[in-house]
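This report refers to the structure that appears directly beneath it.
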Amino acid sequence: MEVKDLMAHRPVVLGRYVAYWLNRSPRRALHSMSYYKFAAKMIGSSKRVLDVGCGEGLGTWLLAAECGYARGLDFDQQSIETARGNWDDPRIAFGSENFLETDMGTWDALVSFDVVEHIQPANVAAFWERTAACLAHDGVAIVGTPNITSTPYASPIAHLGRSNLYSGERLETEMRRYFEHVFMFAGNDEVVHTGYLPMAHYLISVGCRKRG
Amino acid sequence: MSPGNIREQDLWEQVTRMLGNGRIVLGQHWSYNVHNDPKRLAFVLSRYKFAAKMACKGRRVLELGCSEGLGAPILSEFADRYTGIDLDSEAVAAAVANWQDDRCTFVVGDFLGRQLGTFDSIVSLDVIEHIDPAREPLFFDTIRQNLDTDGICVIGTPNLTSAPYASAASQQGHVNLFDAGRLRRVMEQVFHNVFLFGMNDEVVHTGFSPMAHYLLAVGCYRRKDPL
C-alpha cells in the first residue's frame with residue numbers, strides 16, 4: 001500500500017505509433033529508448049535540447065529528465081497531442097512546427113532520430129542547414145537513421161516513405177560539411193558501439209563545432 | 001584435380017604462404033600481462049580500438065605513454081602518422097623492434113611540458129592516474145601545446161570506484177584516480193565539447209558511470225584559453 005502511495009497515479013498514454021511498435025515489433029521501443037539514452041549521455045546535464053521528429057515524446061522525456069530541458073518537435077499533430085497529454089513538467093515542451101520551415105532559436109543540442117531518411121532529396125541540404133543553424137557554437141548534433149544496408153530486412157511500413165537512406169560513409173560526409181568534428185557510432189538492436197559500419201543496423205552520428 | 005581431391009593440408013599451406021613470416025616478441029610488461037592476466041589484452045586492445053574509431057583516421061596521432069607500443073598498430077592503421085612517447089626505455093625498445101612502420105615513430109622520455117610537434121589527435125590511456133596531482137596541470141598544458149586547434153583528445157583511466165578491486169601493484173602506482181565527474185571537469189577546462197564513456201571489460205558503453213570499471217573521455221573543440 002505504501003509503495004503504491006509513493007507512486008501516485010499519473011497514467012502514461014501511448015499513442016498510435018508506440019502502440020503499433022509494442023503490438024507488432026515491441027523490441028523497436030527498446031531500441032529507440034536506448035538510442036535516446038545514448039544521446040542524453042553524449043549531451044550531458046544542464047543542457048537545452050531540441051528533439052526534431054519527437055513523435056509521441058517518450059524519448060523527449062528521457063532527454064528532459066537526463067539533460068535538464070527538452071523541446072519536442074513533430075509535424076504530426078496527433079503525436080504532439082499524445083505527448084502533451086503525458087507530461088506536465090517545466091522541463092519539457094512540445095510543438096508541431098515544420099522543422100524545415102521554422103527558425104527554432106539556439107540550442108545546446110539537437111537530437112533527430114528516424115527523420116533524415118524521410119527528407120525529400122530536394123530538402124536534404126535545408127535539413128542540414130537548419131540543424132546547424134539552431135545550435136550554439138559549442139552545440140552538439142546527434143542524428144540517427146537506419147543503415148541503408150539494413151533495407152532488405154525492413155518491414156513494408158518501415159520501408160514506406162524512406163526516400164533518403166544513408167550509408168555510414170554518406171552520413172559522415174554530410175555531417176562533416178556542417179561540423180568540424182563527427183563521431184560515428186553503430187546501433188545493433190539496443191547496443192550502441194563503434195564496430196564495422198556496413199554491418200550496423202542503425203547509424204548514429206555525433207557532430208560538434210559547427211562550421212562557418 | 002576434382003574438388004574432392006583437394007587435401008586440407010595443401011589448402012592450408014596456401015593460406016600460410018599468404019601470411020608472410022612476421023615475428024613479434026612482446027616486452028617484459030606485456031609478456032607478464034599475457035602470462036598472468038591474458039584477458040587484460042582484450043581490454044587494452046578494445047580501448048585502443050575505441051580511440052582509433054574516435055580520433056585517428058587520416059590524422060597525425062600522438063600517444064602519451066605508449067609503453068611497448070601495443071596501441072601503435074591499431075592507432076596507426078588508418079592514421080596519417082603516429083608518434084608514441086614513454087619514459088620506460090626498455091618498453092620503447094620493444095616498441096621500436098616490433099612496430100617498424102615508416103609512419104610510426106617512438107620517443108623515449110618524459111613528455112610533461114615537452115613540445116613533440118603539432119598533432120590532430122592525442123591519445124593517453126592508463127597514464128593520468130600515475131601523474132602526481134601537483135603535475136596534473138602540466139599534463140593538460142602538454143596536451144594543449146601539442147594539439148592543433150581542431151584536435152581531438154582521448155583520455156582513458158581506471159574509475160576511482162574500481163580502486164578496491166585493483167591489484168596491490170596497481171594501487172601503489174595510482175596516485176591520481178578520477179571519478180567520471182572529475183574527469184569531465186578537467187577535460188571541460190581544456191575543451192568546449194567532452195563526451196564521456198564507461199568501460200566494463202572490453203565493452204564501451206554510456207551506462208551509469210559509478211559502476212564503470214574504466215573511464216574514457218573524448219575532448220574536442222579546444223578552448224582558446226583554459227577555464
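Letters A, B, ... go to the chains of the C-alpha cells in the order shown; residues in each chain start at 1; ligands are counted from 1 in the same order.
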Counting only C-alpha atoms, which residues from chain B have an atom at most 12 Å from any atom of chain A, and could you show them as a ChimeraX atom specification? /B:46-57,120-121,149-153,180-181,184-185,188,191-199,202-209,217-223
I'd like to know which residues of range 7-225 of chain B are strand (DSSP E or B) (by DSSP, run on the backbone); could you write them as number ranges by chain? B: 60-64, 81-86, 104-108, 119-125, 147-159, 178, 191-200, 203-205, 214-222
Could you list, as a VMD selection string, every residue within 12 Å of Leu14 in chain A, counting only C-alpha atoms and ignoring same-chain residues fewer than 4 positions away? chain A and resid 18 to 23 29 55 to 58 78 to 86
Those residues you just picked out, can you put them in a file as a PDB file, in the first residue's frame with N, CA and C atoms?
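The resulting file, again.pdb, is shown below:
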ATOM      1  N   VAL A  18       3.623   4.335 -30.926  1.00  0.00           N
ATOM      2  CA  VAL A  18       4.261   3.467 -29.928  1.00  0.00           C
ATOM      3  C   VAL A  18       3.406   2.221 -29.691  1.00  0.00           C
ATOM      4  N   ALA A  19       2.078   2.385 -29.740  1.00  0.00           N
ATOM      5  CA  ALA A  19       1.194   1.219 -29.583  1.00  0.00           C
ATOM      6  C   ALA A  19       1.437   0.222 -30.723  1.00  0.00           C
ATOM      7  N   TYR A  20       1.641   0.735 -31.921  1.00  0.00           N
ATOM      8  CA  TYR A  20       1.917  -0.140 -33.068  1.00  0.00           C
ATOM      9  C   TYR A  20       3.221  -0.909 -32.842  1.00  0.00           C
ATOM     10  N   TRP A  21       4.267  -0.161 -32.407  1.00  0.00           N
ATOM     11  CA  TRP A  21       5.544  -0.839 -32.091  1.00  0.00           C
ATOM     12  C   TRP A  21       5.317  -1.969 -31.094  1.00  0.00           C
ATOM     13  N   LEU A  22       4.641  -1.611 -29.991  1.00  0.00           N
ATOM     14  CA  LEU A  22       4.520  -2.588 -28.900  1.00  0.00           C
ATOM     15  C   LEU A  22       3.668  -3.780 -29.317  1.00  0.00           C
ATOM     16  N   ASN A  23       2.698  -3.532 -30.221  1.00  0.00           N
ATOM     17  CA  ASN A  23       1.854  -4.633 -30.674  1.00  0.00           C
ATOM     18  C   ASN A  23       2.528  -5.476 -31.744  1.00  0.00           C
ATOM     19  N   ALA A  29      10.644  -0.405 -29.493  1.00  0.00           N
ATOM     20  CA  ALA A  29      10.558   0.584 -28.414  1.00  0.00           C
ATOM     21  C   ALA A  29      11.838   0.574 -27.578  1.00  0.00           C
ATOM     22  N   GLY A  55       7.882  12.535 -32.357  1.00  0.00           N
ATOM     23  CA  GLY A  55       6.773  11.585 -32.270  1.00  0.00           C
ATOM     24  C   GLY A  55       5.958  11.833 -31.015  1.00  0.00           C
ATOM     25  N   GLU A  56       5.706  10.780 -30.268  1.00  0.00           N
ATOM     26  CA  GLU A  56       4.870  10.903 -29.072  1.00  0.00           C
ATOM     27  C   GLU A  56       5.655  11.338 -27.838  1.00  0.00           C
ATOM     28  N   GLY A  57       6.933  11.618 -28.001  1.00  0.00           N
ATOM     29  CA  GLY A  57       7.674  12.287 -26.944  1.00  0.00           C
ATOM     30  C   GLY A  57       8.230  11.422 -25.831  1.00  0.00           C
ATOM     31  N   LEU A  58       8.200  10.084 -26.000  1.00  0.00           N
ATOM     32  CA  LEU A  58       8.787   9.224 -24.955  1.00  0.00           C
ATOM     33  C   LEU A  58      10.279   9.514 -24.810  1.00  0.00           C
ATOM     34  N   GLN A  78      -1.280  14.814 -34.114  1.00  0.00           N
ATOM     35  CA  GLN A  78      -1.862  13.831 -33.186  1.00  0.00           C
ATOM     36  C   GLN A  78      -0.813  13.311 -32.197  1.00  0.00           C
ATOM     37  N   SER A  79       0.424  13.093 -32.694  1.00  0.00           N
ATOM     38  CA  SER A  79       1.509  12.654 -31.798  1.00  0.00           C
ATOM     39  C   SER A  79       1.813  13.715 -30.754  1.00  0.00           C
ATOM     40  N   ILE A  80       1.819  14.952 -31.177  1.00  0.00           N
ATOM     41  CA  ILE A  80       2.121  16.044 -30.244  1.00  0.00           C
ATOM     42  C   ILE A  80       1.042  16.135 -29.163  1.00  0.00           C
ATOM     43  N   GLU A  81      -0.212  15.913 -29.551  1.00  0.00           N
ATOM     44  CA  GLU A  81      -1.278  15.932 -28.535  1.00  0.00           C
ATOM     45  C   GLU A  81      -1.097  14.788 -27.541  1.00  0.00           C
ATOM     46  N   THR A  82      -0.708  13.618 -28.036  1.00  0.00           N
ATOM     47  CA  THR A  82      -0.421  12.489 -27.127  1.00  0.00           C
ATOM     48  C   THR A  82       0.705  12.875 -26.170  1.00  0.00           C
ATOM     49  N   ALA A  83       1.757  13.465 -26.729  1.00  0.00           N
ATOM     50  CA  ALA A  83       2.913  13.859 -25.916  1.00  0.00           C
ATOM     51  C   ALA A  83       2.509  14.868 -24.848  1.00  0.00           C
ATOM     52  N   ARG A  84       1.776  15.882 -25.245  1.00  0.00           N
ATOM     53  CA  ARG A  84       1.372  16.931 -24.289  1.00  0.00           C
ATOM     54  C   ARG A  84       0.506  16.366 -23.171  1.00  0.00           C
ATOM     55  N   GLY A  85      -0.301  15.369 -23.509  1.00  0.00           N
ATOM     56  CA  GLY A  85      -1.185  14.779 -22.507  1.00  0.00           C
ATOM     57  C   GLY A  85      -0.421  14.032 -21.425  1.00  0.00           C
ATOM     58  N   ASN A  86       0.793  13.590 -21.735  1.00  0.00           N
ATOM     59  CA  ASN A  86       1.540  12.752 -20.795  1.00  0.00           C
ATOM     60  C   ASN A  86       2.400  13.523 -19.801  1.00  0.00           C
TER      61      ASN A  86
END
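Between CA of Phe139 in chain B and CA of His174 in chain B lies a distance of 15.4 Å.
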Just want the 9 Å neighbourhood of Phe127 in chain A, counted on only C-alpha atoms, with same-chain residues fewer than 5 positions away dropped. Output as a VMD selection string. chain A and resid 99 to 100 116 119 132
Env of Arg48 in chain A: 7 Å cut, atoms = only C-alpha atoms, seq-sep filter 3 positions within chain, self excluded. Answer as a ChimeraX atom specification. /A:68-70,107-109
Please report, as a ChimeraX atom specification, each residue of range 43-210 of chain B to which DSSP assigns alpha helix (DSSP H) when run on this structure's backbone. /B:43-55,72-76,89-98,136-146,168-173,180-190
Please provide the set of residues having any atom within 9 Å of Gln120 in chain A, restricted to only C-alpha atoms, with same-chain residues fewer than 6 positions apart removed, written as a PyMOL selection string. chain A and resi 162-164
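Nearest residue to Ala169 in chain B, choosing from B:His130, B:Gln14, B:Ser89, B:Leu147 and counting only C-alpha atoms: B:His130.
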From the list A:Arg176, A:His9, A:His201, A:Lys47, which residue is nearest Leu135 in chain A when using only C-alpha atoms?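 Closest to Leu135 in chain A of all the choices is A:Lys47.
Proximity to Val111 in chain A was assessed for A:Gly72, A:Pro156, A:Pro90, A:Gly95 counting only C-alpha atoms; the smallest distance is recorded for A:Gly72.
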Can you pull out every residue within 12 Å of Trp128 in chain A, counting only C-alpha atoms, but drop anything in the same chain fewer than 5 positions away, and send it as a ChimeraX atom specification? /A:99-100,110,112,115-116,119,121-123,133-135,141-143,171,173-179,207,210-211
May I have the selected residues written with C-alpha atoms, as a compact mmCIF listing (two decimals), in the first residue's frame?
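again-v5.txt written:
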# COMPACT_ATOMS: atom_id res chain seq x y z
CA PHE A 99 11.48 21.94 -38.86
CA LEU A 100 12.37 22.75 -42.47
CA LEU A 110 19.76 18.80 -31.32
CA SER A 112 16.99 13.75 -34.55
CA VAL A 115 13.91 11.76 -39.54
CA VAL A 116 16.59 12.35 -42.16
CA ILE A 119 13.52 14.02 -46.07
CA PRO A 121 16.21 14.73 -51.71
CA ALA A 122 15.49 18.36 -52.67
CA ASN A 123 15.24 19.29 -48.96
CA ALA A 133 21.65 26.90 -37.60
CA CYS A 134 19.76 26.13 -34.40
CA LEU A 135 22.90 25.14 -32.43
CA ALA A 141 24.01 17.41 -33.07
CA ILE A 142 23.01 13.76 -32.77
CA VAL A 143 21.46 12.34 -35.91
CA LEU A 171 26.12 10.23 -43.20
CA THR A 173 30.37 13.01 -45.28
CA GLU A 174 27.21 15.13 -44.99
CA MET A 175 27.71 15.77 -41.27
CA ARG A 176 31.28 16.87 -41.95
CA ARG A 177 30.04 19.58 -44.28
CA TYR A 178 28.42 21.24 -41.28
CA PHE A 179 30.54 20.08 -38.32
CA GLY A 207 28.70 16.29 -34.59
CA LYS A 210 29.74 23.67 -36.32
CA ARG A 211 31.48 25.22 -39.28
What separation in Å, quoted to one decimal, exists between CA of His213 in chain B and CA of Tyr165 in chain B?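 Taking CA of His213 in chain B and CA of Tyr165 in chain B, their separation equals 9.5 Å.
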Calculate how many Å separate CA of Arg130 in chain A from CA of Asn98 in chain A, rounding to one decimal.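 Between CA of Arg130 in chain A and CA of Asn98 in chain A the gap works out to 11.0 Å.
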Go through A:Ser155, A:Ser46, A:Gln77, A:Ser167 and flag the residue nearest Ala186 in chain A, using only C-alpha atoms for the distances. A:Ser167
